[in-house]
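J.: Please find model11.txt (compact mmCIF, C-alpha atoms) on the next line:
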```txt
# COMPACT_ATOMS: atom_id res chain seq x y z
CA MET L 16 -185.42 -37.90 -158.40
CA LEU L 17 -184.02 -38.88 -155.02
CA THR L 18 -185.51 -42.34 -155.41
CA ARG L 19 -183.84 -42.76 -158.80
CA ILE L 20 -180.45 -41.67 -157.36
CA MET L 21 -180.79 -44.11 -154.45
CA THR L 22 -181.71 -46.88 -156.86
CA VAL L 23 -178.64 -46.16 -159.01
CA LEU L 24 -176.37 -46.05 -155.96
CA MET L 25 -177.74 -49.35 -154.62
CA LEU L 26 -177.34 -50.95 -158.04
CA SER L 27 -173.77 -49.68 -158.29
CA ALA L 28 -172.97 -51.00 -154.81
CA THR L 29 -174.48 -54.34 -155.70
CA LEU L 30 -172.39 -54.55 -158.86
CA LEU L 31 -169.22 -53.60 -157.01
CA LEU L 32 -169.96 -56.19 -154.32
CA SER L 33 -170.67 -58.82 -156.96
CA ALA L 34 -167.42 -57.96 -158.73
CA SER L 35 -165.44 -58.32 -155.51
CA PHE L 36 -166.98 -61.71 -154.86
CA ALA L 37 -166.27 -62.75 -158.45
CA LEU L 38 -162.67 -61.64 -158.07
CA ALA L 39 -162.37 -63.60 -154.84
CA ALA L 40 -163.87 -66.62 -156.53
CA ASP L 41 -161.21 -66.40 -159.27
CA THR L 42 -158.41 -66.81 -156.71
CA ILE L 43 -157.71 -69.66 -154.32
CA LYS L 44 -155.46 -68.59 -151.45
CA ILE L 45 -153.09 -71.14 -149.92
CA GLY L 46 -150.52 -70.50 -147.22
CA GLY L 47 -146.94 -71.68 -146.87
CA LEU L 48 -144.96 -71.92 -143.62
CA PHE L 49 -141.33 -72.69 -144.39
CA SER L 50 -138.02 -72.32 -142.53
CA VAL L 51 -136.41 -70.25 -145.27
CA THR L 52 -133.83 -68.89 -142.81
CA GLY L 53 -132.42 -70.21 -139.54
CA PRO L 54 -130.88 -73.65 -138.87
CA PRO L 55 -133.49 -75.59 -140.90
CA ALA L 56 -133.07 -73.39 -143.98
CA PHE L 57 -131.76 -76.40 -145.94
CA LEU L 58 -135.32 -77.75 -145.56
CA GLY L 59 -137.36 -74.61 -145.94
CA GLU L 60 -135.59 -72.91 -148.83
CA PRO L 61 -136.14 -75.75 -151.35
CA GLU L 62 -139.68 -76.19 -150.03
CA ARG L 63 -140.46 -72.49 -150.57
CA ASN L 64 -138.77 -72.50 -153.97
CA THR L 65 -140.65 -75.60 -155.09
CA ALA L 66 -144.04 -74.41 -153.87
CA LYS L 67 -143.59 -71.14 -155.76
CA MET L 68 -142.39 -72.95 -158.88
CA VAL L 69 -145.34 -75.35 -158.92
CA VAL L 70 -147.95 -72.66 -158.22
CA ASP L 71 -146.49 -70.44 -160.96
CA GLY L 72 -146.63 -73.37 -163.36
CA ILE L 73 -150.26 -74.10 -162.53
CA ASN L 74 -151.24 -70.46 -163.00
CA LYS L 75 -149.40 -70.16 -166.32
CA SER L 76 -151.36 -73.19 -167.52
CA GLY L 77 -154.67 -71.50 -166.75
CA GLY L 78 -155.05 -72.31 -163.08
CA ILE L 79 -157.40 -74.94 -161.70
CA LYS L 80 -160.77 -74.90 -163.45
CA GLY L 81 -160.10 -71.28 -164.38
CA GLN L 82 -159.12 -70.26 -160.84
CA LYS L 83 -155.62 -69.00 -160.08
CA LEU L 84 -153.70 -70.05 -156.97
CA GLU L 85 -152.30 -67.34 -154.72
CA LEU L 86 -149.44 -68.60 -152.54
CA ILE L 87 -148.79 -66.57 -149.38
CA VAL L 88 -145.51 -67.62 -147.73
CA TYR L 89 -144.10 -66.72 -144.32
CA ASP L 90 -140.62 -67.59 -143.07
CA THR L 91 -140.76 -69.28 -139.66
CA ALA L 92 -136.95 -69.45 -139.28
CA GLY L 93 -137.51 -72.83 -137.62
CA ASP L 94 -139.15 -71.20 -134.59
CA ALA L 95 -142.29 -72.91 -133.24
CA THR L 96 -143.65 -69.73 -131.64
CA LYS L 97 -143.24 -67.82 -134.88
CA ALA L 98 -144.86 -70.69 -136.80
CA VAL L 99 -147.96 -70.42 -134.59
CA GLN L 100 -148.11 -66.63 -135.09
CA MET L 101 -147.78 -66.97 -138.86
CA ALA L 102 -150.35 -69.77 -139.06
CA THR L 103 -152.79 -67.58 -137.16
CA LYS L 104 -152.11 -64.69 -139.55
CA LEU L 105 -152.65 -66.90 -142.61
CA ILE L 106 -156.02 -68.04 -141.29
CA ARG L 107 -157.31 -64.83 -139.68
CA ASP L 108 -155.93 -62.12 -141.99
CA ASP L 109 -155.08 -63.81 -145.28
CA LYS L 110 -158.14 -66.10 -145.34
CA VAL L 111 -156.32 -69.11 -146.81
CA VAL L 112 -158.20 -72.36 -147.43
CA ALA L 113 -155.20 -74.60 -146.76
CA ILE L 114 -151.64 -74.41 -145.41
CA ILE L 115 -148.48 -76.20 -146.58
CA GLY L 116 -145.72 -76.76 -144.01
CA PRO L 117 -144.16 -76.17 -141.57
CA SER L 118 -140.73 -77.60 -142.35
CA THR L 119 -139.95 -79.26 -139.01
CA THR L 120 -141.71 -81.63 -136.64
CA GLY L 121 -141.54 -79.28 -133.64
CA GLU L 122 -143.11 -76.40 -135.55
CA THR L 123 -145.81 -78.65 -136.97
CA MET L 124 -146.80 -80.01 -133.56
CA ALA L 125 -147.13 -76.42 -132.29
CA VAL L 126 -149.32 -75.38 -135.23
CA ILE L 127 -151.68 -78.38 -135.13
CA PRO L 128 -154.02 -76.97 -132.42
CA VAL L 129 -154.37 -73.75 -134.47
CA VAL L 130 -155.48 -75.44 -137.70
CA GLU L 131 -157.65 -77.97 -135.92
CA LYS L 132 -159.55 -75.21 -134.12
CA ALA L 133 -159.91 -73.16 -137.33
CA ARG L 134 -160.81 -76.24 -139.43
CA ILE L 135 -158.18 -75.45 -142.05
CA PRO L 136 -156.36 -78.37 -143.71
CA LEU L 137 -152.62 -78.51 -143.10
CA ILE L 138 -150.18 -80.54 -145.20
CA SER L 139 -146.98 -80.72 -143.17
CA CYS L 140 -143.57 -81.13 -144.81
CA ALA L 141 -142.07 -82.66 -141.64
CA ALA L 142 -141.36 -86.31 -140.90
CA GLY L 143 -142.33 -86.98 -137.28
CA SER L 144 -144.77 -89.87 -136.94
CA LYS L 145 -146.67 -88.05 -134.20
CA ILE L 146 -147.87 -85.45 -136.70
CA THR L 147 -150.46 -87.88 -138.04
CA ASP L 148 -150.39 -90.64 -135.41
CA PRO L 149 -152.94 -90.49 -133.97
CA VAL L 150 -154.90 -89.03 -136.90
CA LYS L 151 -156.03 -85.42 -136.61
CA ARG L 152 -158.99 -84.46 -138.76
CA TYR L 153 -157.36 -81.51 -140.59
CA VAL L 154 -153.69 -82.58 -140.56
CA PHE L 155 -151.90 -84.47 -143.37
CA LYS L 156 -148.25 -84.83 -144.27
CA THR L 157 -146.06 -85.50 -147.32
CA ALA L 158 -142.71 -86.24 -145.68
CA GLN L 159 -142.22 -89.96 -145.18
CA ASN L 160 -142.74 -91.07 -141.58
CA ASP L 161 -139.59 -91.71 -139.58
CA ALA L 162 -141.01 -95.14 -138.68
CA LEU L 163 -140.81 -96.07 -142.38
CA ALA L 164 -137.21 -94.86 -142.52
CA VAL L 165 -136.34 -97.00 -139.49
CA GLU L 166 -137.94 -100.05 -141.11
CA ARG L 167 -135.91 -99.51 -144.26
CA ILE L 168 -132.63 -99.24 -142.29
CA TYR L 169 -133.38 -102.29 -140.15
CA ASP L 170 -134.40 -104.31 -143.23
CA TYR L 171 -131.05 -103.44 -144.78
CA LEU L 172 -129.05 -104.29 -141.63
CA LYS L 173 -130.84 -107.62 -141.31
CA ARG L 174 -129.73 -108.52 -144.83
CA GLN L 175 -126.18 -107.50 -143.87
CA ARG L 176 -126.42 -109.76 -140.79
CA GLN L 177 -125.68 -106.88 -138.45
CA ASN L 178 -127.83 -106.49 -135.37
CA ARG L 179 -125.81 -104.73 -132.63
CA VAL L 180 -126.67 -101.06 -133.00
CA ALA L 181 -125.45 -97.81 -131.44
CA LEU L 182 -127.87 -94.87 -131.56
CA LEU L 183 -126.90 -91.20 -131.53
CA THR L 184 -129.96 -88.98 -131.87
CA VAL L 185 -130.49 -85.23 -131.66
CA SER L 186 -132.50 -83.95 -128.69
CA ASP L 187 -135.22 -82.13 -130.62
CA GLY L 188 -138.64 -83.12 -131.98
CA PHE L 189 -137.27 -84.91 -135.04
CA GLY L 190 -134.61 -86.74 -133.05
CA ALA L 191 -136.97 -87.75 -130.25
CA SER L 192 -139.46 -89.18 -132.72
CA GLY L 193 -136.75 -91.10 -134.56
CA ARG L 194 -135.26 -92.43 -131.32
CA GLU L 195 -138.69 -93.63 -130.21
CA GLN L 196 -139.18 -95.54 -133.46
CA LEU L 197 -135.65 -96.95 -133.49
CA LYS L 198 -136.20 -98.41 -130.03
CA ALA L 199 -139.78 -99.55 -130.58
CA LEU L 200 -139.07 -101.38 -133.86
CA ALA L 201 -135.77 -102.99 -132.83
CA PRO L 202 -137.30 -106.21 -131.41
CA ARG L 203 -139.34 -106.87 -134.57
CA PHE L 204 -136.16 -106.88 -136.67
CA GLY L 205 -133.96 -108.66 -134.14
CA MET L 206 -131.89 -105.55 -133.42
CA GLN L 207 -130.01 -105.13 -130.14
CA ILE L 208 -129.40 -101.53 -129.07
CA VAL L 209 -126.08 -101.55 -127.22
CA VAL L 210 -125.65 -97.75 -126.94
CA ASP L 211 -128.43 -95.15 -126.78
CA ASP L 212 -126.98 -91.63 -126.63
CA THR L 213 -128.03 -88.13 -127.67
CA TYR L 214 -126.55 -84.77 -128.67
CA GLY L 215 -127.88 -81.22 -128.63
CA PRO L 216 -129.09 -79.38 -131.74
CA LYS L 217 -126.39 -76.73 -131.28
CA ASP L 218 -123.54 -79.05 -130.24
CA THR L 219 -120.38 -78.64 -132.29
CA ASP L 220 -118.39 -81.69 -131.12
CA MET L 221 -119.65 -85.21 -130.40
CA THR L 222 -116.27 -86.85 -129.72
CA SER L 223 -117.22 -87.98 -126.22
CA GLN L 224 -120.31 -89.87 -127.41
CA LEU L 225 -118.38 -91.44 -130.28
CA THR L 226 -115.55 -92.50 -127.96
CA LYS L 227 -118.07 -94.39 -125.83
CA ILE L 228 -119.58 -95.99 -128.94
CA ARG L 229 -116.12 -97.04 -130.17
CA ALA L 230 -115.58 -98.90 -126.92
CA SER L 231 -118.91 -100.75 -127.20
CA GLN L 232 -119.88 -103.97 -128.99
CA ALA L 233 -121.83 -102.09 -131.66
CA GLN L 234 -121.54 -103.25 -135.27
CA VAL L 235 -123.12 -100.11 -136.77
CA LEU L 236 -123.86 -96.53 -135.77
CA ILE L 237 -127.21 -94.91 -136.63
CA VAL L 238 -127.31 -91.11 -136.37
CA TRP L 239 -130.70 -89.37 -136.32
CA GLY L 240 -130.79 -85.64 -136.92
CA THR L 241 -130.76 -82.80 -139.43
CA ASN L 242 -127.84 -80.64 -140.54
CA PRO L 243 -125.38 -79.54 -139.35
CA GLY L 244 -125.11 -82.04 -136.44
CA PRO L 245 -124.87 -85.25 -138.51
CA ALA L 246 -122.09 -83.74 -140.66
CA VAL L 247 -120.15 -82.88 -137.49
CA ILE L 248 -120.59 -86.48 -136.30
CA ALA L 249 -119.33 -87.86 -139.61
CA LYS L 250 -116.22 -85.67 -139.34
CA ASN L 251 -115.66 -86.57 -135.67
CA ALA L 252 -116.02 -90.27 -136.49
CA ARG L 253 -113.36 -90.00 -139.20
CA GLN L 254 -111.04 -88.05 -136.89
CA LEU L 255 -111.37 -90.80 -134.25
CA GLY L 256 -110.75 -93.52 -136.79
CA LEU L 257 -114.15 -95.07 -136.01
CA LYS L 258 -114.52 -98.10 -138.27
CA LEU L 259 -118.25 -98.73 -137.76
CA PRO L 260 -120.53 -98.39 -140.81
CA LEU L 261 -122.33 -95.06 -140.46
CA TYR L 262 -126.05 -94.74 -141.18
CA MET L 263 -128.00 -91.49 -141.19
CA SER L 264 -131.69 -90.61 -141.24
CA HIS L 265 -133.61 -89.17 -144.18
CA GLY L 266 -133.16 -85.82 -142.41
CA VAL L 267 -129.88 -85.32 -144.30
CA SER L 268 -131.09 -86.43 -147.72
CA SER L 269 -129.70 -83.48 -149.68
CA LYS L 270 -126.41 -82.37 -151.17
CA LYS L 271 -126.10 -79.95 -148.24
CA PHE L 272 -125.01 -82.86 -146.01
CA ILE L 273 -122.32 -83.92 -148.49
CA ALA L 274 -121.07 -80.33 -148.72
CA LEU L 275 -120.91 -80.01 -144.92
CA ALA L 276 -119.33 -83.41 -144.21
CA GLY L 277 -116.86 -83.33 -147.12
CA ASP L 278 -114.71 -86.45 -147.42
CA ALA L 279 -116.26 -87.81 -144.20
CA ALA L 280 -119.55 -88.33 -146.08
CA GLU L 281 -118.00 -91.09 -148.20
CA GLY L 282 -119.68 -94.44 -147.56
CA VAL L 283 -122.51 -93.04 -145.42
CA ARG L 284 -125.81 -94.84 -146.05
CA LEU L 285 -129.33 -93.61 -145.40
CA PRO L 286 -132.97 -94.10 -146.42
CA SER L 287 -134.17 -91.49 -148.87
CA GLY L 288 -137.00 -90.63 -151.15
CA LYS L 289 -136.25 -91.71 -154.71
CA VAL L 290 -135.74 -88.27 -156.21
CA ILE L 291 -131.98 -88.10 -155.58
CA VAL L 292 -131.45 -91.33 -157.57
CA ALA L 293 -134.26 -90.85 -160.10
CA ASP L 294 -132.04 -91.64 -163.10
CA ALA L 295 -131.13 -95.03 -161.64
CA LEU L 296 -134.73 -96.19 -161.15
CA SER L 297 -136.43 -98.79 -163.31
CA LYS L 298 -138.54 -97.46 -166.18
CA LYS L 299 -141.42 -99.37 -164.60
CA ASP L 300 -141.28 -97.32 -161.40
CA PRO L 301 -144.62 -95.41 -161.23
CA GLN L 302 -142.93 -92.37 -159.69
CA LYS L 303 -140.16 -92.00 -162.25
CA ALA L 304 -141.97 -89.63 -164.63
CA SER L 305 -142.92 -87.23 -161.82
CA LEU L 306 -139.44 -87.41 -160.33
CA LEU L 307 -137.62 -86.61 -163.56
CA ALA L 308 -140.04 -83.78 -164.39
CA PHE L 309 -139.52 -82.24 -160.95
CA VAL L 310 -135.72 -82.50 -161.13
CA LYS L 311 -135.66 -80.89 -164.61
CA ASP L 312 -138.11 -78.12 -163.64
CA TYR L 313 -136.18 -77.22 -160.48
CA GLN L 314 -132.88 -77.21 -162.36
CA ASN L 315 -134.33 -74.86 -164.98
CA HIS L 316 -135.70 -72.48 -162.36
CA TYR L 317 -132.95 -72.46 -159.72
CA LYS L 318 -129.82 -73.85 -161.46
CA GLN L 319 -129.44 -76.63 -158.92
CA GLU L 320 -130.82 -80.11 -158.33
CA GLY L 321 -134.28 -80.60 -156.90
CA ASP L 322 -134.05 -82.59 -153.69
CA HIS L 323 -135.96 -84.77 -151.25
CA PHE L 324 -137.16 -81.76 -149.25
CA GLY L 325 -138.40 -79.66 -152.14
CA GLY L 326 -140.31 -82.77 -153.15
CA HIS L 327 -142.43 -82.53 -150.00
CA ALA L 328 -143.75 -79.15 -151.15
CA TRP L 329 -144.27 -80.40 -154.73
CA ASP L 330 -146.43 -83.20 -153.39
CA ALA L 331 -148.39 -80.87 -151.11
CA VAL L 332 -149.28 -78.38 -153.87
CA MET L 333 -150.17 -81.13 -156.34
CA LEU L 334 -152.31 -82.96 -153.79
CA LEU L 335 -154.24 -79.73 -153.19
CA LYS L 336 -154.57 -79.24 -156.94
CA ALA L 337 -155.96 -82.75 -157.37
CA ALA L 338 -158.51 -82.23 -154.57
CA ILE L 339 -159.70 -78.95 -156.13
CA GLU L 340 -159.88 -80.52 -159.59
CA ARG L 341 -162.18 -83.18 -158.12
CA GLY L 342 -164.59 -80.46 -157.01
CA ALA L 343 -163.33 -79.17 -153.64
CA THR L 344 -164.25 -75.49 -153.20
CA THR L 345 -163.96 -74.87 -149.43
CA ALA L 346 -161.50 -75.72 -146.67
CA GLU L 347 -163.78 -78.52 -145.50
CA SER L 348 -164.22 -80.03 -148.97
CA ILE L 349 -160.46 -79.75 -149.60
CA ARG L 350 -159.93 -81.72 -146.38
CA ASP L 351 -162.37 -84.36 -147.63
CA GLY L 352 -160.70 -84.40 -151.04
CA LEU L 353 -157.28 -84.98 -149.50
CA GLU L 354 -158.59 -87.82 -147.36
CA ASN L 355 -160.01 -89.48 -150.48
CA THR L 356 -156.69 -89.37 -152.37
CA ARG L 357 -155.80 -92.75 -153.88
CA ASN L 358 -152.62 -93.85 -155.69
CA PHE L 359 -151.18 -90.39 -156.27
CA HIS L 360 -147.67 -90.87 -157.71
CA GLY L 361 -145.70 -88.02 -156.22
CA ILE L 362 -142.10 -87.20 -155.35
CA GLY L 363 -142.09 -88.70 -151.86
CA GLY L 364 -143.94 -91.85 -152.87
CA THR L 365 -147.33 -93.11 -153.97
CA PHE L 366 -149.90 -91.54 -151.65
CA THR L 367 -153.14 -93.16 -150.51
CA TYR L 368 -154.83 -91.31 -147.65
CA SER L 369 -157.86 -92.54 -145.70
CA ALA L 370 -159.82 -91.69 -142.57
CA GLY L 371 -157.35 -93.81 -140.61
CA ASP L 372 -154.16 -92.74 -142.40
CA HIS L 373 -153.17 -89.13 -143.07
CA ALA L 374 -149.52 -90.02 -143.82
CA GLY L 375 -150.40 -92.04 -146.90
CA LEU L 376 -147.13 -93.89 -147.59
CA ASN L 377 -145.44 -97.22 -146.88
CA LYS L 378 -141.77 -98.17 -146.62
CA GLU L 379 -141.54 -98.58 -150.40
CA ALA L 380 -141.41 -94.77 -150.51
CA PHE L 381 -137.78 -95.13 -149.39
CA VAL L 382 -134.70 -96.57 -151.04
CA MET L 383 -131.35 -97.08 -149.34
CA VAL L 384 -128.70 -94.81 -150.81
CA GLU L 385 -124.95 -94.57 -150.32
CA ILE L 386 -122.62 -91.62 -150.83
CA LYS L 387 -119.86 -92.39 -153.34
CA ASN L 388 -117.49 -89.79 -154.78
CA ARG L 389 -119.59 -87.02 -153.22
CA ASP L 390 -122.75 -88.16 -154.98
CA TRP L 391 -125.73 -90.43 -154.38
CA SER L 392 -125.97 -94.02 -155.54
CA LEU L 393 -128.33 -96.88 -154.76
CA ALA L 394 -126.87 -98.95 -151.93
CA LYS L 395 -126.04 -102.52 -152.91
```
Can you turn what I pasted into structure tokens?
T.:
Amino acid sequence: MLTRIMTVLMLSATLLLSASFALAADTIKIGGLFSVTGPPAFLGEPERNTAKMVVDGINKSGGIKGQKLELIVYDTAGDATKAVQMATKLIRDDKVVAIIGPSTTGETMAVIPVVEKARIPLISCAAGSKITDPVKRYVFKTAQNDALAVERIYDYLKRQRQNRVALLTVSDGFGASGREQLKALAPRFGMQIVVDDTYGPKDTDMTSQLTKIRASQAQVLIVWGTNPGPAVIAKNARQLGLKLPLYMSHGVSSKKFIALAGDAAEGVRLPSGKVIVADALSKKDPQKASLLAFVKDYQNHYKQEGDHFGGHAWDAVMLLKAAIERGATTAESIRDGLENTRNFHGIGGTFTYSAGDHAGLNKEAFVMVEIKNRDWSLAK
């Protein structure tokens, strides 16, 4: 009798254990690290919203090969220390097979050692070139490299026959990376940097820097930063009567910048992903279908326009989906699947990763846009 009871108990335990493994196999856990609050919230909120929207859409359509995605999101508030803590929690406690984010370059650089040690693929939504240069085995990105943005600006200036440039860059990870690329690429495009100045992430007035720039021989001013600093600079420039054409980085490629800068945003030009001018693109553009679908989906879900930053999360989730559809079942095979991505037409551009390139884009991922009547248009 005792033997029969033990046999039944062991069989029951085996069935329960098998059921738990089956349940686990039906769910694929992915993590999200986004700056939903704090200064970079204009990045992290649309990224979080988009990731949730895309995952919900995938699950409603039956998942990926019958498996549902479970998205576990933590708000980093733009803090690198918190990003490291949350990345550790996602890996150690939540057992995710991949992580999307963080939203900023500084946070991403802090998290890289964590994911590399744990061998968990990370798809960053930040722009700094150093995230993937040099290549790290488990680190990819969807935001266009700042080097590509610099090339697009310098290409445009060359066509305008303007080559004397003033730089005003923010003293954080994003600004330092942009400044490095602006200086490094200047000789190739025949650009002469006549002023090279910086401002702090929390500065609320940049009049002194702009006064110095006004007195220089600069023909254009390039500002590199994320909100709210660039909007403050645009307002200060207007207050000073600064007549130089004003160029910004892709770090302000959202309606948030226009709202913050107000009338001072008029005429500002910057390189941006194509999503904010999707309607104006040629029908032959391979990204157009994805762009229009994303914009419509985001509008339906959140009653506002999908933007450049939400697009980074759209690309990250869909790149993971494509890798899993091709047979990836573990963190390591997802990493391999990402690295083998070819000609993926996303929101940020057409991605082709390789062992030597985990950024996956070229300068054609950007278009030059201009703000007219508080809206985006393709720059002439």
J.: Could you tell me how far CA of Thr120 (chain L) sits from CA of Ala142 (chain L), in Å to one decimal place?
T.: 6.3 Å
J.: If you take every atom of region 271-275 of chain L that the file lists and fit an axis-aligned box around them with 5 Å extra on each side, what centre and edge lengths come out in Å to one decimal, as lines of an AutoDock Vina configuration file?
T.:
```
center_x = -123.5
center_y = -81.9
center_z = -146.8
size_x = 15.2
size_y = 14.0
size_z = 13.8
```
J.: Between L:Val209, L:Ile115, L:Leu334, L:Ile237, single out the one closest to Lys67 (chain L), counting only C-alpha atoms.
T.: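 Smallest distance to Lys67 (chain L) is found for L:Ile115.
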J.: I'd like the contact shell of Val154 (chain L) - 9 Å cut-off, all atoms listed in the file, skipping same-chain residues fewer than 6 positions apart - returned as a CSV table (one decimal) with C-alpha atoms, keeping the file's coordinate frame.
T.:
```
chain,number,residue,atom,x,y,z
L,127,ILE,CA,-151.7,-78.4,-135.1
L,130,VAL,CA,-155.5,-75.4,-137.7
L,131,GLU,CA,-157.6,-78.0,-135.9
L,135,ILE,CA,-158.2,-75.4,-142.0
L,136,PRO,CA,-156.4,-78.4,-143.7
L,137,LEU,CA,-152.6,-78.5,-143.1
L,138,ILE,CA,-150.2,-80.5,-145.2
L,139,SER,CA,-147.0,-80.7,-143.2
L,146,ILE,CA,-147.9,-85.4,-136.7
L,147,THR,CA,-150.5,-87.9,-138.0
L,350,ARG,CA,-159.9,-81.7,-146.4
L,373,HIS,CA,-153.2,-89.1,-143.1
```
J.: For Gly188 (chain L), work out the shell of residues within 12 Å, counting all atoms listed in the file and skipping chain neighbours fewer than 2 positions away, then give it as a ChimeraX atom specification.
T.: /L:93,95,118-125,141-146,161,184-186,190-195,215-216,239-241
J.: Rounded to one decimal place, report the CA of Gln302 (chain L)-CA of Glu60 (chain L) distance in Å.
T.: 23.5 Å
J.: Please determine, counting all atoms listed in the file, which residue among L:Leu393, L:Ala274, L:Ile114, L:Val247 has the shortest atom-to-atom distance to Val292 (chain L).
T.: L:Leu393
